[in-house]
Amino acid sequence: MPSEPVVLSDPRMLAEFMRQSEFKAFFEKRFAVPPDYAALLFKNGQLIDAFKGGHFSVGGVVDKLKGIFGGSTHIGMMIADLKPFSVQTALKALSKDKIEIAGVATLELQVDPDKPSNILGMMHGVSRSGGDEETPGRKALSKADVLDRIRPHLSDRVFEAAIGRMNASEIRGATGLQDKVQADIMLEVQRIVGDLGLLVRAVSVEWAMNPAEIEDMERAEADRRQKALDHRLEIIKREIEREQDATEFSLKSQVDLAKLQNASEDELKMMALNSEITFLDARESAKRRQELEALGHEIKTLEIERKARFEDSLATATNTVDLLEIRKRQAGVERDIALIQQSQADQMRKSGAFTDLEITTAVQAQQAEHIARLQQIEIQGNEAEANLAIKLSGATTQNEISLLDAKARSKANEINAFKTMTPEQILAINAGLSSDVAQVLAEQARAKGSSSSETMQAMREMVEAATAAQIRSEAQAREMFKMGMDGAVGVAHGAGGKEGGAAPAVSGNSQASASTIECPKCSAVNLAKANFCKQCGHKLRT
Amino acid sequence: MITRAKPQTAGTYPGKCCFRASLERDATFCDECGSPLQRCMATDECGGLLDAGGCCPVCVAPDLSLDAGSASSIRAGGSLALPLLVSNQSPVGRPLFVEAMWFKGGDGEMKKVDLTFQRLNPGTTSEVGLRTGVLETAGLHRFDVHLVVATRHLWREERYVFTAAIVIPVEPEDATEVVQNYNIQADAIGAGLTIYNPTRIQKEREQGIAKHAEPIRLTLRRADALDRALGHRGYPSGLAVTKSTALVWKGFDPRHVPMDGPIRNTTGVLEIGRASSAGEGGLNDVRLVISRNGQTDEERSVHISRRHFQLFIENDRLMLRVESQNGLLVNDIAHRRGKMVMISDGDVIKPLVREPGAVGVRVQFETQHDEVHRITLQRLLGPAGS
C-alpha cells in the first residue's frame with residue numbers, strides 16, 4: 001500500500017496540525033512523514049510521541065471495530081519542519097555620532113531537533129482559517145509568526161545597544177559588531193523562546209548606506225575626479241613637449257647641395273645670416289595657429305577648473321595640515337600651468353603664425369592672471385603664518401604660567417624650610433642672617449635663657465649684634481661668642497668678613513653718643529644710620 | 001591631578017629691614033624704610049610681623065593636602081572622594097582653630113563641610129572627607145576648598161579665609177572598549193550549540209583609576225574677598241579698618257594722647273582711662289578725663305575708671321573692650337565689663353553710665369574705596385557742671 005506523504009501545506013509554514021478528517025477512511029491509511037520533519041502524534045488530546053520522519057498507519061476496519069467495542073479514539077498529528085530557515089527583519093538605530101543606521105538582519109533559525117515537541121508552546125493562540133478551503137481552521141505556525149514573536153525584543157536590547165557604541169563610519173565591515181549582534185540575539189532568543197524549541201544558528205546584518213558613508217564616497221569620487229584632471233594635465237604637458245620635439249623644418253637654399261652638405265655648423269649659421277638659406281616650417285601656419293589656439297583654450301579651461309576645485313578643497317579642509325597640503329599642491333599646479341603657458345608662447349613665436357603684438361598681449365594677459373593667483377596664494381600663506389603666530393604666542397603664555405608656578409613653588413619651599421626651625425632661628429633668618437649663623441645664635445640663646453621669653457629676648461639682642469657686625473658664616477658666629485659680643489666687629493673682619501663693612505657695635509656704650517641721632521619731631525634716639533625715626537616714622541635723611 | 005599654585009602678590013612690606021627693626025621692642029617704625037611695624041597680637045610668642053594682608057605667617061600656617069591614595073582622575077558620570085588632611089605648621093607652638101570649611105564644586109554652590117574638630121595643635125593633622133557630585137561632563141573640573149582659620153591670643157581672635165583649588169581631569173566616557181568574545185560550550189544551558197558570550201573589558205577600569213602614592217600639597221592662598229563675603233573680616237557694609245588705619249585724636253589734651261597715626265604699641269591695644277598716659281609716665285595710651293582749658297574736673301573725672309576701656313583692631317574692625325567695673329554706653333546701649341563691641345562710623349562712646357552727657361568720644365570714619373584710612377576720635381564734653 002503506498003504511503004501518502006505528509007508535508008506542510010505551504011513552504012512559509014513552520015508547523016501545523018493535520019485535521020482528523022484527513023485520517024478518516026474506511027480502509028487503513030498510511031502516511032509518510034519525511035525525515036526532515038518532526039511528527040507529533042496526539043491521541044485523545046495527549047502527546048503520545050514525537051518522531052523525526054516515519055510511517056504512520058491509521059484508520060481502517062480494525063480501527064473501526066475498535067471504535068465499536070472500545071469507543072472512539074481521537075487521533076491528531078502535528079508536523080514541524082526541522083530544517084533551518086531564515087527570516088529577515090529591517091533594523092534602524094542611531095550610531096554613537098547620532099547618525100541613523102539602517103540595515104537588514106538575517107536570522108538563521110531552526111526548530112530544536114532534540115525537543116521538537118516544545119514547539120507546541122509557540123502554537124498557542126495561533127490559528128488560521130485563511131482562504132485555503134482545504135485547510136479550514138487548521139492550526140499552524142508560520143515562520144513570520146516566529147519573527148513577530150522575537151522582533152520586539154531585539155530592536156532596543158540588541159541593535160540600539162550595539163550600534164550606539166560605534167561611529168557610523170566604523171560600522172561597515174566590523175566583524176566584531178556582527179559577532180556582538182549575533183551573540184546578543186542568541187542570548188535574547190534563548191531567553192525568550194529557548195525552552196519553546198527554537199534555536200538561533202546564525203545572524204548577520206547587512207548595512208544600508210549611511211550618511212557618513214555617502215559623504216566618504218562622495219569625497220573619494222571627488223578625489224578620483226581630481227586625479228583624472230591631473231592626468232589630463234599631464235597628457236597635455238606631454239603633448240606640448242612632443243610638439244616641441246617633433247617640429248619639423250626644411251631648408252630652402254639657392255646654394256649648391258653638395259656645398260650645403262659639406263658646410264659646417266658655423267658656415268650654415270653664416271649662410272643663414274647672409275640669407276643664403278631660409279628655414280621653412282613644414283607645417284602650414286594656419287593649421288598650427290588653430291592647433292595652438294585650441295591648446296591655449298584647453299589649458300585655460302583646465303586651469304579654471306582646477307582653480308575651482310582647489311577653492312572647493314580649501315573651503316572644506318578640516319585642519320591646517322590639509323590646508324597647507326592643498327596650498328602646496330595648488331602652488332605646484334600653478335607653476336606647471338605657468339610653464340605650459342610659457343612653452344605655448346614659445347610655440348606661438350616659433351610658429352610664426354602670430355604677430356609679435358598678439359604674442360605680447362597674450363603673454364601679458366597670462367602673466368597678469370598668473371601674478372594675481374600667486375598673490376592670492378601668498379595671502380593664504382600669510383593667513384597660515386598668522387595662525388602659527390597665534391599658536392606660538394599661546395606657547396609663550398604657557399611658559400609664563402609655568403614660570404609663575406615655579407615661583408610659587410619656591411615660595412612654598414621657603415615656608416616649608418621654616419617648619420623645621422625654632423622660633424629663634426626664624427627670627428634670625430627674618431633679620432637677614434644665614435641659616436648657619438641662625439643656628440649658632442639659637443644655641444647660644446637657649447643656653448643663656450631659662451624661659452622661652454628670656455631666650456627670645458637674648459636672641460633678639462644677639463641677632464641685633466650679629467647683624468651690626470655683619471656676621472656671615474658659622475665660623476664667624478662662633479668666634480663672636482668666643483671673644484664676647486662687644487668685639488664682634490673685629491671678629492667679622494678677622495674671620496674673613498668683607499672689608500669696608502665696619503659698622504658700630506651697638507652694645508658699646510662709649511660709641512653710643514657718636515653713633516646716634518635725636519629725632520627732631522619726637523626726640524627719640526635713633527641710630528645715626530637710620531633713615532626714619534623708629535618712634536614716629538619721621539624722615540631723618542633727605 | 002593638577003594643583004594650581006598662584007603666588008601671593010609680594011609687597012615690599014614687611015621687608016628684611018622691617019624684621020630687623022622689629023627686634024627692638026619699642027620701635028614702631030622701620031628705621032630703614034619708614035614703614036609702620038605691624039606686630040602680631042601674639043608678638044611675645046612668635047616675634048612676627050603681619051604681612052600685607054594682616055596675617056602673621058608664623059602663627060597662621062595652615063596646610064592642606066590631598067591624602068595619598070585618593071583618585072586624581074575620573075570618567076564622566078562618576079564622582080570622586082577627596083580625603084583631605086588639614087595640619088597646623090606653625091613653628092612656634094601656636095594652636096590654630098579651624099572655624100569652618102566650605103567646598104565649592106562645579107555647580108558653583110558652596111557647601112559647608114561638617115567638621116569634627118576645631119583646635120589644631122602645632123604639628124597635628126586632622127582629616128576631612130569631601131565628595132564631588134556626579135561629574136557629568138568631560139574636561140577639567142575645578143573645586144575650591146575654603147578654610148576659615150582663627151588664631152587666638154588672650155581674648156583676641158583673628159580670622160582668615162584661605163582657599164585652595166583642586167583641578168580634576170574628567171575623561172570622556174567613551175572609553176575604547178575592547179570587546180572580547182568568550183566561547184562557551186552551551187551544553188551547559190541546553191542549547192546544544194556554541195554560543196558567544198561577549199564580555200566587555202574596560203582596560204582602564206581594571207587597571208584602576210589613576211592614584212597618587214603621596215599626599216599632594218594644595219597651595220593655600222588668602223581669600224580676602226571671601227574674608228568679607230563670609231563675614232569673618234571687615235564690616236557688613238564691606239568697609240575694612242586695617243592695622244595701618246590712622247587714628248586722629250581731637251578734643252584731647254595733646255599730652256594725653258599718642259601721636260596721630262596707626263596704633264603703634266607692641267600689643268596693638270590702646271588703653272584708655274583716667275590714669276596717666278605714657279607721655280606722662282603712666283601706663284595708659286590715652287588719658288580720658290573731664291577737663292576744660294587744661295583744668296581737670298577732678299570731682300567728676302573720678303567716675304571714669306583708671307583704665308576704662310580698650311580700643312584695638314581685630315578682623316579689620318575697630319573693637320572696644322569694656323574694662324571698667326561700671327561698664328559704659330555705646331550709642332546709649334550699656335555694656336558691662338569684659339564685653340567686646342564693634343565700633344562703627346558715627347558711634348559715640350559714653351564712659352559714664354550714670355552721667356552719659358558728661359563726657360563721650362565720637363568715632364568718625366574717613367574712607368578710601370572700601371578701606372577706612374582715618375578714624376577721628378573726638379572727645380565730647382557736656383556743659384560744665386551738668
# chains A, B, ... in the order shown; residues from 1 in each chain; ligands from 1
call {"tool": "residues_around", "arguments": {"residues": "Glu234 in chain A", "least_positions_apart": "5", "cutoff": "12 Å", "atoms": "only C-alpha atoms", "output": "JSON, numbers by chain"}}
result
{"A": [227, 228, 229, 239, 240, 241, 299, 302, 333, 336, 337, 340]}
call {"tool": "closest_atom_pairs", "arguments": {"of": "chain B", "to": "chain A", "cutoff": "6 Å", "atoms": "only C-alpha atoms", "output": "Markdown table"}}
result
| residue | atom | partner | partner_atom | distance |
| --- | --- | --- | --- | --- |
| B:Ala5 | CA | A:Asp405 | CA | 5.9 |
| B:Pro7 | CA | A:Ala408 | CA | 4.7 |
| B:Lys16 | CA | A:Ala431 | CA | 5.6 |
| B:Phe19 | CA | A:Ala431 | CA | 5.2 |
| B:Arg20 | CA | A:Ala431 | CA | 4.5 |
| B:Leu23 | CA | A:Arg460 | CA | 5.6 |
| B:Ala27 | CA | A:Lys534 | CA | 5.0 |
| B:Thr28 | CA | A:Gln535 | CA | 5.2 |
| B:Phe29 | CA | A:Lys534 | CA | 4.4 |
| B:Cys30 | CA | A:Lys534 | CA | 5.7 |
| B:Asp31 | CA | A:Phe532 | CA | 4.4 |
| B:Glu32 | CA | A:Asn531 | CA | 5.0 |
| B:Gly34 | CA | A:Phe532 | CA | 5.2 |
| B:Pro91 | CA | A:Lys419 | CA | 5.4 |
| B:Val92 | CA | A:Pro423 | CA | 5.4 |
| B:Tyr196 | CA | A:Ala183 | CA | 5.1 |
call {"tool": "write_last_selection", "arguments": {"atoms": "all heavy atoms", "output": "tab-separated table (two decimals), in the first residue's frame"}}
result
chain	number	residue	atom	x	y	z
B	5	ALA	N	48.83	76.59	41.65
B	5	ALA	CA	49.51	77.46	42.60
B	5	ALA	C	49.53	78.87	42.07
B	5	ALA	O	49.88	79.10	40.92
B	5	ALA	CB	50.93	76.97	42.81
B	7	PRO	N	51.05	82.51	43.23
B	7	PRO	CA	51.82	83.19	44.25
B	7	PRO	C	51.07	84.43	44.74
B	7	PRO	O	50.38	85.09	43.98
B	7	PRO	CB	53.10	83.59	43.52
B	7	PRO	CG	52.74	83.60	42.09
B	7	PRO	CD	51.62	82.64	41.90
B	16	LYS	N	63.08	92.77	54.87
B	16	LYS	CA	64.03	92.24	55.86
B	16	LYS	C	64.39	93.31	56.87
B	16	LYS	O	64.58	93.05	58.05
B	16	LYS	CB	65.28	91.72	55.14
B	16	LYS	CG	65.04	90.36	54.55
B	16	LYS	CD	66.30	89.75	54.00
B	16	LYS	CE	66.00	88.34	53.53
B	16	LYS	NZ	67.09	87.78	52.77
B	19	PHE	N	61.94	93.41	59.70
B	19	PHE	CA	62.13	92.37	60.71
B	19	PHE	C	63.29	92.74	61.63
B	19	PHE	O	63.23	92.55	62.85
B	19	PHE	CB	62.40	91.02	60.06
B	19	PHE	CG	61.15	90.39	59.51
B	19	PHE	CD1	60.88	90.40	58.17
B	19	PHE	CD2	60.23	89.82	60.38
B	19	PHE	CE1	59.72	89.83	57.69
B	19	PHE	CE2	59.06	89.25	59.90
B	19	PHE	CZ	58.82	89.26	58.55
B	20	ARG	N	64.33	93.29	61.02
B	20	ARG	CA	65.49	93.66	61.82
B	20	ARG	C	65.09	94.76	62.80
B	20	ARG	O	65.40	94.72	63.98
B	20	ARG	CB	66.62	94.14	60.91
B	20	ARG	CG	67.96	94.11	61.55
B	20	ARG	CD	69.08	94.06	60.53
B	20	ARG	NE	68.82	94.89	59.37
B	20	ARG	CZ	68.92	94.47	58.13
B	20	ARG	NH1	69.28	93.24	57.88
B	20	ARG	NH2	68.68	95.27	57.12
B	23	LEU	N	63.15	93.90	65.99
B	23	LEU	CA	63.84	93.26	67.11
B	23	LEU	C	63.89	94.19	68.31
B	23	LEU	O	63.96	93.76	69.45
B	23	LEU	CB	65.26	92.85	66.70
B	23	LEU	CG	65.31	91.78	65.61
B	23	LEU	CD1	66.73	91.57	65.15
B	23	LEU	CD2	64.73	90.49	66.14
B	27	ALA	N	60.44	99.91	69.04
B	27	ALA	CA	60.36	100.53	67.71
B	27	ALA	C	58.96	100.39	67.15
B	27	ALA	O	58.34	99.33	67.24
B	27	ALA	CB	61.36	99.87	66.78
B	28	THR	N	58.46	101.45	66.59
B	28	THR	CA	57.14	101.40	65.99
B	28	THR	C	57.22	101.65	64.49
B	28	THR	O	56.24	101.44	63.78
B	28	THR	CB	56.18	102.42	66.64
B	28	THR	OG1	56.82	103.69	66.59
B	28	THR	CG2	55.89	102.05	68.06
B	29	PHE	N	58.35	102.11	64.04
B	29	PHE	CA	58.57	102.29	62.60
B	29	PHE	C	59.87	101.61	62.22
B	29	PHE	O	60.78	101.52	63.05
B	29	PHE	CB	58.65	103.77	62.24
B	29	PHE	CG	57.32	104.45	62.21
B	29	PHE	CD1	56.79	105.03	63.35
B	29	PHE	CD2	56.57	104.50	61.04
B	29	PHE	CE1	55.55	105.63	63.34
B	29	PHE	CE2	55.34	105.11	61.02
B	29	PHE	CZ	54.82	105.68	62.18
B	30	CYS	N	59.96	101.19	60.98
B	30	CYS	CA	61.22	100.64	60.50
B	30	CYS	C	62.14	101.82	60.22
B	30	CYS	O	61.76	102.75	59.50
B	30	CYS	CB	60.99	99.83	59.24
B	30	CYS	SG	62.52	99.30	58.46
B	31	ASP	N	63.33	101.78	60.83
B	31	ASP	CA	64.21	102.95	60.67
B	31	ASP	C	64.86	102.98	59.29
B	31	ASP	O	65.51	103.94	58.94
B	31	ASP	CB	65.27	102.98	61.79
B	31	ASP	CG	66.11	101.71	61.79
B	31	ASP	OD1	65.84	100.85	60.94
B	31	ASP	OD2	67.00	101.59	62.65
B	32	GLU	N	64.69	101.93	58.52
B	32	GLU	CA	65.32	101.91	57.21
B	32	GLU	C	64.34	102.32	56.10
B	32	GLU	O	64.63	103.15	55.27
B	32	GLU	CB	65.90	100.53	56.93
B	32	GLU	CG	66.90	100.56	55.80
B	32	GLU	CD	67.66	99.25	55.70
B	32	GLU	OE1	67.91	98.60	56.73
B	32	GLU	OE2	67.98	98.88	54.56
B	34	GLY	N	60.93	103.11	56.82
B	34	GLY	CA	59.92	104.03	57.32
B	34	GLY	C	58.53	103.43	57.44
B	34	GLY	O	57.59	104.14	57.78
B	91	PRO	N	55.54	77.07	63.42
B	91	PRO	CA	56.80	76.60	64.04
B	91	PRO	C	56.98	77.08	65.47
B	91	PRO	O	57.95	76.73	66.12
B	91	PRO	CB	57.86	77.20	63.12
B	91	PRO	CG	57.23	78.41	62.53
B	91	PRO	CD	55.75	78.19	62.50
B	92	VAL	N	56.07	77.91	65.99
B	92	VAL	CA	56.30	78.48	67.32
B	92	VAL	C	55.32	77.95	68.36
B	92	VAL	O	55.14	78.55	69.41
B	92	VAL	CB	56.21	80.03	67.29
B	92	VAL	CG1	57.37	80.59	66.52
B	92	VAL	CG2	54.89	80.48	66.70
B	196	TYR	N	28.23	32.57	21.79
B	196	TYR	CA	29.25	33.55	22.19
B	196	TYR	C	28.74	34.38	23.33
B	196	TYR	O	27.59	34.79	23.35
B	196	TYR	CB	29.58	34.47	21.02
B	196	TYR	CG	30.08	33.73	19.83
B	196	TYR	CD1	29.23	33.47	18.77
B	196	TYR	CD2	31.38	33.29	19.79
B	196	TYR	CE1	29.68	32.79	17.67
B	196	TYR	CE2	31.84	32.60	18.69
B	196	TYR	CZ	30.99	32.35	17.63
B	196	TYR	OH	31.44	31.69	16.55
call {"tool": "residues_around", "arguments": {"residues": "Lys339 in chain B", "least_positions_apart": "2", "cutoff": "8 Å", "atoms": "only C-alpha atoms", "output": "ChimeraX atom specification"}}
result
/B:321-322,335-337,341
call {"tool": "residues_around", "arguments": {"residues": "range 93-103 of chain B", "least_positions_apart": "5", "cutoff": "8 Å", "atoms": "only C-alpha atoms", "output": "ChimeraX atom specification"}}
result
/B:59-60,62,88,110-115,117-122,130,143-152
call {"tool": "select_by_dssp", "arguments": {"residues": "range 4-71 of chain B", "states": "strand (DSSP E or B)", "output": "list in words"}}
result
Phe29, Pro36, Arg39, Leu49, Pro62, Asp63, Leu64, Ser65, Leu66 and Ala71 of chain B
call {"tool": "closest_residue", "arguments": {"among": "B:Leu288, B:Thr242, B:Ser237, B:Gly77", "to": "His256 in chain B", "atoms": "only C-alpha atoms"}}
result
B:Leu288
call {"tool": "atom_distance", "arguments": {"atom1": "CA of Gly123 in chain B", "atom2": "CA of Gln89 in chain B"}}
result
5.6 Å
call {"tool": "residues_around", "arguments": {"residues": "range 155-159 of chain B", "least_positions_apart": "6", "cutoff": "12 Å", "atoms": "only C-alpha atoms", "output": "number ranges by chain"}}
result
B: 40-42, 50, 53-56, 59-60, 95-100, 147-149, 222-224, 226-228, 230-234, 267-269, 310-317, 319-321, 338-340
call {"tool": "closest_residue", "arguments": {"among": "A:Ala212, A:Ile119, A:Ala38, A:Val205", "to": "Ser95 in chain A", "atoms": "only C-alpha atoms"}}
result
A:Ala212
call {"tool": "atom_distance", "arguments": {"atom1": "CA of Cys519 in chain A", "atom2": "CA of Ala466 in chain A"}}
result
25.4 Å
call {"tool": "closest_residue", "arguments": {"among": "B:Cys46, B:Val286, B:Leu218, B:Leu377", "to": "Ile349 in chain B", "atoms": "only C-alpha atoms"}}
result
B:Leu377
call {"tool": "residues_around", "arguments": {"residues": "Leu66 in chain B", "least_positions_apart": "5", "cutoff": "10 Å", "atoms": "only C-alpha atoms", "output": "list in words"}}
result
Thr3, Ala71, Ser72, Leu82, Pro83, Leu84, Leu85, Val86, Glu127, Val128, Gly129, Ile166, His212, Glu214, Pro215, Ile216, Arg217 and Leu218 of chain B
call {"tool": "write_last_selection", "arguments": {"atoms": "C-alpha atoms", "output": "PDB file, in the first residue's frame"}}
result
ATOM      1  CA  THR B   3      47.179  71.684  41.861  1.00  0.00           C
ATOM      2  CA  ALA B  71      41.899  59.167  42.962  1.00  0.00           C
ATOM      3  CA  SER B  72      43.042  62.032  40.830  1.00  0.00           C
ATOM      4  CA  LEU B  82      38.607  63.800  48.205  1.00  0.00           C
ATOM      5  CA  PRO B  83      40.191  62.873  51.538  1.00  0.00           C
ATOM      6  CA  LEU B  84      41.904  65.994  52.826  1.00  0.00           C
ATOM      7  CA  LEU B  85      44.450  66.455  55.568  1.00  0.00           C
ATOM      8  CA  VAL B  86      44.468  69.731  57.478  1.00  0.00           C
ATOM      9  CA  GLU B 127      41.230  64.511  58.324  1.00  0.00           C
ATOM     10  CA  VAL B 128      38.245  65.715  56.391  1.00  0.00           C
ATOM     11  CA  GLY B 129      36.407  63.803  53.673  1.00  0.00           C
ATOM     12  CA  ILE B 166      41.788  71.233  43.164  1.00  0.00           C
ATOM     13  CA  HIS B 212      48.947  59.023  43.672  1.00  0.00           C
ATOM     14  CA  GLU B 214      51.944  60.529  48.383  1.00  0.00           C
ATOM     15  CA  PRO B 215      49.790  63.319  49.740  1.00  0.00           C
ATOM     16  CA  ILE B 216      49.513  66.197  47.310  1.00  0.00           C
ATOM     17  CA  ARG B 217      50.074  69.510  48.982  1.00  0.00           C
ATOM     18  CA  LEU B 218      47.490  72.075  47.971  1.00  0.00           C
TER      19      LEU B 218
END
